[in-house]
file my_file34.cif (mmCIF, C-alpha atoms)
data_coords
#
loop_
_atom_site.label_atom_id
_atom_site.label_comp_id
_atom_site.auth_asym_id
_atom_site.auth_seq_id
_atom_site.Cartn_x
_atom_site.Cartn_y
_atom_site.Cartn_z
CA MET N 213 276.10 199.54 13.52
CA GLN N 214 278.94 200.75 15.71
CA ARG N 215 277.89 198.29 18.38
CA LEU N 216 277.91 195.49 15.84
CA ASN N 217 281.38 196.46 14.61
CA GLN N 218 282.64 196.40 18.18
CA MET N 219 281.13 192.95 18.67
CA LEU N 220 282.81 191.66 15.52
CA LYS N 221 286.18 192.73 16.89
CA THR N 222 285.91 190.43 19.92
CA THR N 223 287.56 187.02 19.69
CA ALA N 224 284.61 185.16 21.25
CA VAL N 225 282.20 186.60 18.72
CA ARG N 226 284.50 185.86 15.80
CA LEU N 227 284.99 182.27 16.92
CA THR N 228 281.26 181.79 17.41
CA LEU N 229 280.55 183.19 13.95
CA VAL N 230 283.26 181.06 12.34
CA TYR N 231 281.99 177.89 14.04
CA THR N 232 278.42 178.72 13.00
CA LEU N 233 279.45 179.17 9.37
CA LEU N 234 281.54 175.99 9.39
CA PHE N 235 278.70 174.05 10.96
CA GLY N 236 276.27 175.46 8.37
CA LEU N 237 278.53 174.39 5.51
CA LEU N 238 278.90 170.93 7.04
CA ALA N 239 275.12 170.67 7.45
CA VAL N 240 274.62 171.65 3.79
CA GLY N 241 277.01 168.88 2.78
CA VAL N 242 275.14 166.39 4.94
CA ILE N 243 271.80 167.41 3.41
CA ALA N 244 273.19 167.04 -0.12
CA TYR N 245 274.65 163.64 0.78
CA VAL N 246 271.41 162.39 2.38
CA SER N 247 269.25 163.61 -0.53
CA TYR N 248 271.55 162.10 -3.15
CA ASN N 249 271.86 158.74 -1.42
CA THR N 250 268.14 158.62 -0.63
CA GLY N 251 267.43 158.98 -4.35
CA ASN N 252 269.98 156.31 -5.24
CA LEU N 253 268.60 153.94 -2.60
CA ILE N 254 265.07 154.39 -3.90
CA ILE N 255 266.15 153.74 -7.49
CA SER N 256 268.11 150.67 -6.39
CA GLN N 257 265.12 149.23 -4.53
CA ILE N 258 262.84 149.84 -7.51
CA GLN N 259 265.32 148.13 -9.82
CA SER N 260 265.50 145.11 -7.52
CA THR N 261 261.69 144.90 -7.43
CA VAL N 262 261.39 145.16 -11.20
CA ASP N 263 264.14 142.59 -11.79
CA GLU N 264 262.35 140.14 -9.51
CA GLU N 265 259.08 140.82 -11.36
CA ILE N 266 260.75 140.20 -14.70
CA SER N 267 262.25 136.95 -13.45
CA GLN N 268 258.82 135.71 -12.41
CA ILE N 269 257.31 136.67 -15.77
CA ALA N 270 260.17 134.99 -17.63
CA ARG N 271 259.71 131.75 -15.69
CA GLN N 272 255.99 131.65 -16.33
CA THR N 273 256.48 132.54 -20.00
CA ARG N 274 258.96 129.68 -20.45
CA ARG N 275 256.45 127.26 -18.98
CA GLY N 276 253.36 128.51 -20.82
CA GLY N 277 254.82 130.24 -23.88
CA VAL N 278 254.09 133.71 -25.22
CA ARG N 279 250.38 132.81 -25.50
CA ARG N 280 250.06 133.03 -21.73
CA LEU N 281 251.94 136.31 -21.55
CA ILE N 282 249.10 138.65 -22.49
CA PRO N 283 246.54 137.28 -19.96
CA MET N 284 249.23 137.22 -17.27
CA ILE N 285 250.23 140.84 -17.92
CA GLU N 286 246.61 141.99 -17.94
CA ARG N 287 245.99 140.20 -14.65
CA ARG N 288 249.05 141.74 -13.01
CA ALA N 289 248.24 145.19 -14.39
CA ARG N 290 244.81 145.21 -12.73
CA GLN N 291 246.12 144.45 -9.24
CA PRO N 292 246.05 147.30 -6.66
CA GLY N 293 249.36 149.15 -6.53
CA ALA N 294 250.57 147.29 -9.61
CA ASN N 295 253.82 147.99 -11.35
CA LEU N 296 253.78 149.37 -14.87
CA TYR N 297 253.29 146.76 -17.59
CA LEU N 298 253.26 147.21 -21.31
CA VAL N 299 253.42 144.76 -24.18
CA SER N 300 253.85 146.14 -27.69
CA ASP N 301 254.20 144.62 -31.12
CA ALA N 302 257.15 145.13 -33.47
CA GLY N 303 255.66 148.42 -34.68
CA GLY N 304 255.38 149.87 -31.17
CA ARG N 305 251.59 149.46 -30.90
CA ILE N 306 250.49 148.81 -27.31
CA ILE N 307 248.54 145.57 -27.08
CA ALA N 308 248.43 144.91 -23.32
CA GLY N 309 249.24 146.48 -19.98
CA ASN N 310 248.22 149.43 -17.87
CA VAL N 311 250.24 152.10 -19.70
CA ARG N 312 248.06 154.13 -22.02
CA ASP N 313 250.71 156.33 -23.61
CA LEU N 314 254.45 157.00 -23.61
CA ASP N 315 257.22 157.86 -26.02
CA ARG N 316 257.36 154.83 -28.34
CA ASP N 317 261.05 155.41 -28.99
CA LEU N 318 261.68 154.16 -25.46
CA LEU N 319 260.69 150.66 -26.58
CA ARG N 320 263.31 150.36 -29.31
CA GLU N 321 266.23 149.14 -27.19
CA ASP N 322 266.50 146.63 -24.38
CA GLY N 323 267.65 147.71 -20.94
CA TRP N 324 266.85 150.14 -18.18
CA LEU N 325 265.09 153.40 -18.95
CA ILE N 326 266.94 155.78 -16.63
CA PRO N 327 266.57 158.75 -16.07
CA PRO N 328 262.82 158.64 -15.41
CA PHE N 329 260.45 159.06 -18.34
CA SER N 330 256.91 160.45 -18.61
CA TYR N 331 253.93 158.20 -19.20
CA GLN N 332 250.16 158.08 -18.79
CA ARG N 333 248.37 155.25 -17.07
CA PHE N 334 244.84 154.16 -17.92
CA GLY N 335 242.41 156.21 -15.85
CA ASP N 336 244.86 159.13 -15.44
CA ARG N 337 244.24 161.04 -18.64
CA ASP N 338 245.03 164.42 -17.12
CA ARG N 339 248.12 163.46 -15.18
CA ASP N 340 251.55 162.46 -16.44
CA GLY N 341 253.53 160.13 -14.23
CA GLN N 342 257.26 159.61 -13.90
CA ALA N 343 258.71 156.12 -13.88
CA ILE N 344 261.76 154.00 -14.46
CA ALA N 345 261.42 150.71 -16.30
CA LYS N 346 263.21 147.88 -18.02
CA VAL N 347 262.51 146.84 -21.61
CA PHE N 348 263.37 143.53 -23.23
CA SER N 349 262.48 141.55 -26.32
CA LEU N 350 260.11 138.61 -26.57
CA PRO N 351 259.66 136.01 -29.31
CA GLY N 352 257.64 137.18 -32.27
CA GLY N 353 258.96 140.73 -32.17
CA LEU N 354 257.03 141.61 -29.01
CA ARG N 355 258.45 144.08 -26.52
CA LEU N 356 257.78 143.94 -22.79
CA LEU N 357 258.18 146.90 -20.43
CA VAL N 358 258.04 146.46 -16.67
CA GLY N 359 258.54 149.53 -14.50
CA ARG N 360 257.59 151.41 -11.41
CA ASP N 361 256.14 154.86 -10.85
CA ILE N 362 258.56 156.96 -8.79
CA GLY N 363 256.02 159.60 -7.70
CA ASP N 364 255.79 158.36 -4.10
CA ALA N 365 259.53 157.77 -3.94
CA GLU N 366 260.24 161.26 -5.23
CA ARG N 367 257.83 162.77 -2.72
CA PHE N 368 259.58 160.86 0.06
CA ARG N 369 262.94 162.18 -1.12
CA GLN N 370 261.56 165.71 -1.17
CA ILE N 371 260.18 165.30 2.36
CA VAL N 372 263.61 164.16 3.55
CA GLY N 373 265.21 167.12 1.79
CA ARG N 374 262.74 169.63 3.23
CA ALA N 375 263.10 168.22 6.74
CA SER N 376 266.89 168.39 6.48
CA THR N 377 266.76 171.93 5.13
CA LEU N 378 264.41 173.03 7.92
CA SER N 379 266.75 171.48 10.48
CA LEU N 380 269.65 173.38 8.90
CA VAL N 381 267.76 176.68 9.05
CA VAL N 382 266.85 176.14 12.70
CA MET N 383 270.43 175.23 13.61
CA VAL N 384 271.89 178.23 11.78
CA LEU N 385 269.37 180.61 13.35
CA THR N 386 270.13 179.14 16.76
CA GLY N 387 273.83 179.63 16.10
CA LEU N 388 273.29 183.25 15.08
CA VAL N 389 271.20 183.94 18.20
CA LEU N 390 273.92 182.40 20.36
CA TRP N 391 276.48 184.43 18.46
CA PHE N 392 274.55 187.63 19.18
CA PHE N 393 274.16 186.97 22.91
CA VAL N 394 277.73 185.76 23.30
CA GLY N 395 278.88 188.92 21.54
CA ARG N 396 276.76 191.17 23.73
CA ARG N 397 277.99 189.49 26.90
CA ALA N 398 281.62 189.65 25.81
CA LEU N 399 281.32 193.28 24.74
CA LYS N 400 279.60 194.28 27.99
CA HIS N 401 282.38 192.67 30.02
CA ILE N 402 285.05 194.31 27.89
CA ASP N 403 283.41 197.72 28.27
CA SER N 404 283.29 197.29 32.05
CA VAL N 405 286.97 196.28 32.14
CA SER N 406 287.89 199.17 29.87
CA GLN N 407 286.14 201.72 32.10
CA SER N 408 287.85 200.39 35.23
CA SER N 409 291.19 200.35 33.43
CA GLN N 410 290.79 203.99 32.43
CA ARG N 411 290.19 204.99 36.06
CA ILE N 412 293.22 202.97 37.18
CA ILE N 413 295.39 204.60 34.50
CA ALA N 414 294.14 207.99 35.72
CA GLY N 415 295.66 207.18 39.14
CA ASP N 416 292.80 205.63 41.10
CA LEU N 417 294.55 202.49 42.33
CA SER N 418 291.60 201.62 44.55
CA GLN N 419 289.75 200.50 41.43
CA ARG N 420 289.69 196.84 40.52
CA LEU N 421 288.72 195.11 37.31
CA PRO N 422 285.21 193.65 37.59
CA LEU N 423 284.61 189.93 37.89
CA SER N 424 281.51 188.23 36.51
CA GLY N 425 281.83 185.24 38.83
CA SER N 426 281.75 182.77 35.92
CA GLY N 427 285.40 181.79 36.28
CA ASP N 428 286.00 182.17 32.56
CA GLU N 429 289.12 183.53 30.87
CA PHE N 430 287.98 187.11 31.45
CA ASP N 431 287.66 186.50 35.19
CA ARG N 432 291.05 184.77 35.37
CA LEU N 433 292.72 187.64 33.54
CA SER N 434 290.97 190.24 35.67
CA SER N 435 291.98 188.39 38.88
CA SER N 436 295.61 188.34 37.79
CA LEU N 437 295.56 192.04 36.97
CA ASN N 438 293.80 192.86 40.23
CA ALA N 439 296.53 190.99 42.12
CA LEU N 440 299.14 192.99 40.23
CA ILE N 441 297.37 196.27 41.05
CA SER N 442 297.22 195.30 44.74
CA ARG N 443 300.99 194.80 44.80
CA VAL N 444 301.54 198.16 43.17
#

call {"tool": "encode", "arguments": {"input": "my_file34.cif", "output": "structure tokens"}}
result
Amino acid sequence: MQRLNQMLKTTAVRLTLVYTLLFGLLAVGVIAYVSYNTGNLIISQIQSTVDEEISQIARQTRRGGVRRLIPMIERRARQPGANLYLVSDAGGRIIAGNVRDLDRDLLREDGWLIPPFSYQRFGDRDRDGQAIAKVFSLPGGLRLLVGRDIGDAERFRQIVGRASTLSLVVMVLTGLVLWFFVGRRALKHIDSVSQSSQRIIAGDLSQRLPLSGSGDEFDRLSSSLNALISRV
């Protein structure tokens, strides 16, 4: 503990510790920024995909009428990696799509359903998914929901967050190790200078302050003091 207190009193160690802490705080800010913007980018891409899907459905519905809507939705819903599709009547009863269950209150108003909501897809009775979707009205009181599961996107965001956090931990640990060795080196040099200084003060002018040969500020100071001692 005493050794550590002595290390903390050296300027080099203090500067190294301060820089490590500042770098750690900056890295935390970068991680938060990356995670937040990754989530926003994923949501934005999903919204663009869903909007394009809705535009295609709207064009085909205008050409073939609502009668073609149900077969078209069923066909799209069965495709591998399909988006979420749901058609309900005015009472909220699901009549087509690949969504087996969700909160029916979500279908009451048009627009985007954000934040993500829970749902169950056909074939996944024991697993609730998370999705964002857009709801809009159709002739005859029908409601159409088109959305996208965000499970993969959320896992990607978590992977990015974990990788960034791991990088932060490694960088901070590296900084602390460097701080420890820099402190030990600085303290060892200071102890050596202090011992030589004590002998010089005691009257032994043949003593000289030690040089490490690195040419750093300690060596420059010791060289200047040695020159002064030689003149004396």

call {"tool": "closest_residue", "arguments": {"input": "my_file34.cif", "among": "N:Asn249, N:Leu237, N:Ile243, N:Arg316", "to": "Ser376 (chain N)", "atoms": "all atoms listed in the file"}}
result
N:Ile243

call {"tool": "atom_distance", "arguments": {"input": "my_file34.cif", "atom1": "CA of Gly236 (chain N)", "atom2": "CA of Val384 (chain N)"}}
result
6.2 Å

call {"tool": "atom_distance", "arguments": {"input": "my_file34.cif", "atom1": "CA of Val299 (chain N)", "atom2": "CA of Val311 (chain N)"}}
result
9.2 Å

call {"tool": "residues_around", "arguments": {"input": "my_file34.cif", "residues": "Ile266 (chain N)", "least_positions_apart": "6", "cutoff": "10 Å", "atoms": "all atoms listed in the file", "output": "list in words"}}
result
Ser260, Gln272, Lys346, Val347, Phe348, Leu356, Leu357, Val358 and Gly359 of chain N

call {"tool": "closest_residue", "arguments": {"input": "my_file34.cif", "among": "N:Leu423, N:Ile412, N:Phe392, N:Trp324", "to": "Ser256 (chain N)", "atoms": "all atoms listed in the file"}}
result
N:Trp324

call {"tool": "closest_residue", "arguments": {"input": "my_file34.cif", "among": "N:Ser408, N:Gln342, N:Thr261, N:Ser349", "to": "Gly304 (chain N)", "atoms": "all atoms listed in the file"}}
result
N:Ser349

call {"tool": "resolve_selection", "arguments": {"input": "my_file34.cif", "expression": "the PyMOL selection byres ((chain N and resi 309) around 6)", "output": "PyMOL selection string"}}
result
chain N and resi 286+289+297-298+308+310-311

call {"tool": "decode", "arguments": {"input": "my_file34.cif", "residues": "region 265-276 of chain N", "atoms": "all heavy atoms", "output": "CSV table (one decimal), in the first residue's frame"}}
result
chain,number,residue,atom,x,y,z
N,265,GLU,N,-42.8,-2.7,-49.2
N,265,GLU,CA,-43.7,-3.9,-49.3
N,265,GLU,C,-45.2,-3.4,-49.4
N,265,GLU,O,-46.0,-3.9,-50.2
N,265,GLU,CB,-43.5,-4.7,-48.1
N,265,GLU,CG,-44.3,-6.0,-48.1
N,265,GLU,CD,-43.6,-7.1,-48.8
N,265,GLU,OE1,-42.4,-6.9,-49.2
N,265,GLU,OE2,-44.1,-8.2,-48.9
N,266,ILE,N,-45.5,-2.4,-48.6
N,266,ILE,CA,-46.8,-1.8,-48.6
N,266,ILE,C,-47.2,-1.2,-49.9
N,266,ILE,O,-48.3,-1.3,-50.4
N,266,ILE,CB,-47.0,-0.8,-47.4
N,266,ILE,CG1,-47.0,-1.6,-46.1
N,266,ILE,CG2,-48.3,0.0,-47.5
N,266,ILE,CD1,-47.0,-0.7,-44.9
N,267,SER,N,-46.2,-0.5,-50.5
N,267,SER,CA,-46.4,0.1,-51.8
N,267,SER,C,-46.8,-0.9,-52.8
N,267,SER,O,-47.7,-0.7,-53.7
N,267,SER,CB,-45.2,0.9,-52.2
N,267,SER,OG,-45.0,2.0,-51.3
N,268,GLN,N,-46.0,-2.0,-52.8
N,268,GLN,CA,-46.3,-3.1,-53.8
N,268,GLN,C,-47.7,-3.7,-53.6
N,268,GLN,O,-48.4,-3.9,-54.5
N,268,GLN,CB,-45.3,-4.2,-53.6
N,268,GLN,CG,-43.9,-3.8,-54.0
N,268,GLN,CD,-42.8,-4.8,-53.8
N,268,GLN,OE1,-43.2,-6.0,-53.5
N,268,GLN,NE2,-41.6,-4.5,-54.0
N,269,ILE,N,-48.1,-3.9,-52.3
N,269,ILE,CA,-49.4,-4.5,-52.0
N,269,ILE,C,-50.5,-3.5,-52.4
N,269,ILE,O,-51.5,-3.9,-53.0
N,269,ILE,CB,-49.5,-4.8,-50.5
N,269,ILE,CG1,-48.5,-5.9,-50.1
N,269,ILE,CG2,-50.9,-5.1,-50.1
N,269,ILE,CD1,-48.5,-6.2,-48.6
N,270,ALA,N,-50.3,-2.2,-52.2
N,270,ALA,CA,-51.3,-1.2,-52.6
N,270,ALA,C,-51.5,-1.2,-54.1
N,270,ALA,O,-52.6,-1.1,-54.6
N,270,ALA,CB,-50.8,0.2,-52.0
N,271,ARG,N,-50.4,-1.2,-54.8
N,271,ARG,CA,-50.5,-1.2,-56.3
N,271,ARG,C,-51.3,-2.4,-56.8
N,271,ARG,O,-52.1,-2.3,-57.7
N,271,ARG,CB,-49.1,-1.2,-56.9
N,271,ARG,CG,-48.4,0.2,-56.8
N,271,ARG,CD,-47.2,0.3,-57.7
N,271,ARG,NE,-46.2,-0.7,-57.4
N,271,ARG,CZ,-45.2,-0.5,-56.6
N,271,ARG,NH1,-45.0,0.7,-56.0
N,271,ARG,NH2,-44.3,-1.4,-56.4
N,272,GLN,N,-50.9,-3.6,-56.3
N,272,GLN,CA,-51.6,-4.8,-56.7
N,272,GLN,C,-53.1,-4.8,-56.3
N,272,GLN,O,-54.0,-5.3,-57.0
N,272,GLN,CB,-50.9,-6.0,-56.2
N,272,GLN,CG,-49.5,-6.2,-56.8
N,272,GLN,CD,-48.9,-7.5,-56.3
N,272,GLN,OE1,-49.5,-8.5,-56.0
N,272,GLN,NE2,-47.5,-7.5,-56.2
N,273,THR,N,-53.4,-4.2,-55.1
N,273,THR,CA,-54.7,-4.2,-54.6
N,273,THR,C,-55.6,-3.2,-55.5
N,273,THR,O,-56.8,-3.5,-55.8
N,273,THR,CB,-54.8,-3.7,-53.2
N,273,THR,OG1,-54.0,-4.6,-52.4
N,273,THR,CG2,-56.2,-3.7,-52.6
N,274,ARG,N,-55.0,-2.1,-55.9
N,274,ARG,CA,-55.7,-1.2,-56.8
N,274,ARG,C,-56.0,-1.8,-58.1
N,274,ARG,O,-57.1,-1.6,-58.7
N,274,ARG,CB,-54.9,0.1,-57.0
N,274,ARG,CG,-54.9,1.1,-55.8
N,274,ARG,CD,-54.4,2.4,-56.2
N,274,ARG,NE,-53.0,2.4,-56.7
N,274,ARG,CZ,-51.9,2.5,-55.8
N,274,ARG,NH1,-52.1,2.8,-54.5
N,274,ARG,NH2,-50.7,2.5,-56.3
N,275,ARG,N,-55.1,-2.7,-58.6
N,275,ARG,CA,-55.4,-3.3,-59.9
N,275,ARG,C,-56.4,-4.4,-59.8
N,275,ARG,O,-57.3,-4.6,-60.6
N,275,ARG,CB,-54.1,-3.9,-60.5
N,275,ARG,CG,-53.2,-2.8,-61.0
N,275,ARG,CD,-52.1,-3.4,-61.9
N,275,ARG,NE,-51.3,-4.4,-61.2
N,275,ARG,CZ,-50.1,-4.1,-60.7
N,275,ARG,NH1,-49.6,-2.9,-60.7
N,275,ARG,NH2,-49.4,-5.1,-60.1
N,276,GLY,N,-56.3,-5.2,-58.7
N,276,GLY,CA,-57.2,-6.4,-58.6
N,276,GLY,C,-58.3,-6.3,-57.5
N,276,GLY,O,-59.1,-7.2,-57.4
